[in-house]
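Participant: Handing you this structure, nothing more for now.
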Amino acid sequence: MFQKRVVQIGDRFVGDGYPVFIIAEIGLNHNGLVNIAKKMIDGAIFAGCDAIKFQKRTPELCVPRE
């Protein structure tokens, strides 16, 4: 017998039989500037995303100087 797989995120249900939950991913391209990050959030909202995930990295460790 098939059992529905459903989870609740905030006031939304996600899973079998529910609409797709879209998560935008924002990387380091905001350069640590809050005003740019806020514009990217606005863009994700405008695009219809349900949530946003920010990457957290230490550029000195993962980005080559070149």
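Chain lettering (A, B, ...) mirrors the order of the structure tokens, residue numbering begins at 1 for each chain separately, and ligand numbering begins at 1 in order of display.
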Running DSSP on the backbone, which parts of chain A land in strand (DSSP E or B), as a PDB file with N, CA and C atoms, in the first residue's frame?

Facilitator:
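Output file selection07.pdb follows:
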ATOM      1  N   VAL A   6       4.584  13.480   3.213  1.00  0.00           N
ATOM      2  CA  VAL A   6       4.269  14.900   3.338  1.00  0.00           C
ATOM      3  C   VAL A   6       4.950  15.454   4.586  1.00  0.00           C
ATOM      4  N   VAL A   7       5.527  16.648   4.442  1.00  0.00           N
ATOM      5  CA  VAL A   7       6.069  17.371   5.596  1.00  0.00           C
ATOM      6  C   VAL A   7       5.473  18.766   5.597  1.00  0.00           C
ATOM      7  N   GLN A   8       5.505  19.396   6.748  1.00  0.00           N
ATOM      8  CA  GLN A   8       4.995  20.759   6.861  1.00  0.00           C
ATOM      9  C   GLN A   8       6.159  21.706   7.095  1.00  0.00           C
ATOM     10  N   ILE A   9       6.222  22.776   6.285  1.00  0.00           N
ATOM     11  CA  ILE A   9       7.222  23.828   6.427  1.00  0.00           C
ATOM     12  C   ILE A   9       6.448  25.119   6.651  1.00  0.00           C
ATOM     13  N   ARG A  12       2.919  25.680   5.103  1.00  0.00           N
ATOM     14  CA  ARG A  12       2.811  24.952   3.831  1.00  0.00           C
ATOM     15  C   ARG A  12       3.045  23.469   4.007  1.00  0.00           C
ATOM     16  N   PHE A  13       2.321  22.665   3.233  1.00  0.00           N
ATOM     17  CA  PHE A  13       2.582  21.231   3.167  1.00  0.00           C
ATOM     18  C   PHE A  13       3.351  20.954   1.893  1.00  0.00           C
ATOM     19  N   VAL A  14       4.349  20.088   1.995  1.00  0.00           N
ATOM     20  CA  VAL A  14       5.211  19.754   0.872  1.00  0.00           C
ATOM     21  C   VAL A  14       5.272  18.237   0.756  1.00  0.00           C
ATOM     22  N   GLY A  15       5.118  17.758  -0.454  1.00  0.00           N
ATOM     23  CA  GLY A  15       5.222  16.324  -0.671  1.00  0.00           C
ATOM     24  C   GLY A  15       4.192  15.844  -1.667  1.00  0.00           C
ATOM     25  N   ILE A  23      13.094  26.540  -3.508  1.00  0.00           N
ATOM     26  CA  ILE A  23      14.075  27.189  -2.642  1.00  0.00           C
ATOM     27  C   ILE A  23      15.135  27.849  -3.511  1.00  0.00           C
ATOM     28  N   ALA A  24      15.264  29.178  -3.393  1.00  0.00           N
ATOM     29  CA  ALA A  24      16.324  29.902  -4.101  1.00  0.00           C
ATOM     30  C   ALA A  24      17.614  29.743  -3.311  1.00  0.00           C
ATOM     31  N   GLU A  25      18.726  29.671  -4.015  1.00  0.00           N
ATOM     32  CA  GLU A  25      20.024  29.574  -3.353  1.00  0.00           C
ATOM     33  C   GLU A  25      20.836  30.803  -3.698  1.00  0.00           C
ATOM     34  N   ILE A  26      21.268  31.520  -2.695  1.00  0.00           N
ATOM     35  CA  ILE A  26      22.089  32.714  -2.892  1.00  0.00           C
ATOM     36  C   ILE A  26      23.484  32.397  -2.390  1.00  0.00           C
ATOM     37  N   ALA A  51      11.213  29.961  -0.419  1.00  0.00           N
ATOM     38  CA  ALA A  51      12.222  30.110   0.628  1.00  0.00           C
ATOM     39  C   ALA A  51      13.559  30.445  -0.023  1.00  0.00           C
ATOM     40  N   ILE A  52      14.497  30.887   0.807  1.00  0.00           N
ATOM     41  CA  ILE A  52      15.831  31.233   0.319  1.00  0.00           C
ATOM     42  C   ILE A  52      16.858  30.593   1.231  1.00  0.00           C
ATOM     43  N   LYS A  53      17.897  30.028   0.619  1.00  0.00           N
ATOM     44  CA  LYS A  53      19.002  29.433   1.361  1.00  0.00           C
ATOM     45  C   LYS A  53      20.263  30.213   1.000  1.00  0.00           C
ATOM     46  N   PHE A  54      20.915  30.740   2.018  1.00  0.00           N
ATOM     47  CA  PHE A  54      22.186  31.421   1.786  1.00  0.00           C
ATOM     48  C   PHE A  54      23.318  30.434   2.003  1.00  0.00           C
TER      49      PHE A  54
END

Participant: What are the DSSP alpha helix (DSSP H) residues of chain A, as a count of residues only?

Facilitator: 17

Participant: Between atom CA of Val63 of chain A and atom CA of Ala37 of chain A, what is the distance in Å, rounded to a tenth?

Facilitator: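 Computing it gives 19.3 Å between the two atoms.
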
Participant: Interatomic distance between atom CA of Gly27 of chain A and atom CA of Gln55 of chain A?

Facilitator: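 Computing the Euclidean distance for atom CA of Gly27 of chain A and atom CA of Gln55 of chain A yields 5.0 Å.
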
Participant: What is the atom CA of Lys39 of chain A to atom CA of Gly10 of chain A distance in Å?

Facilitator: 23.5 Å
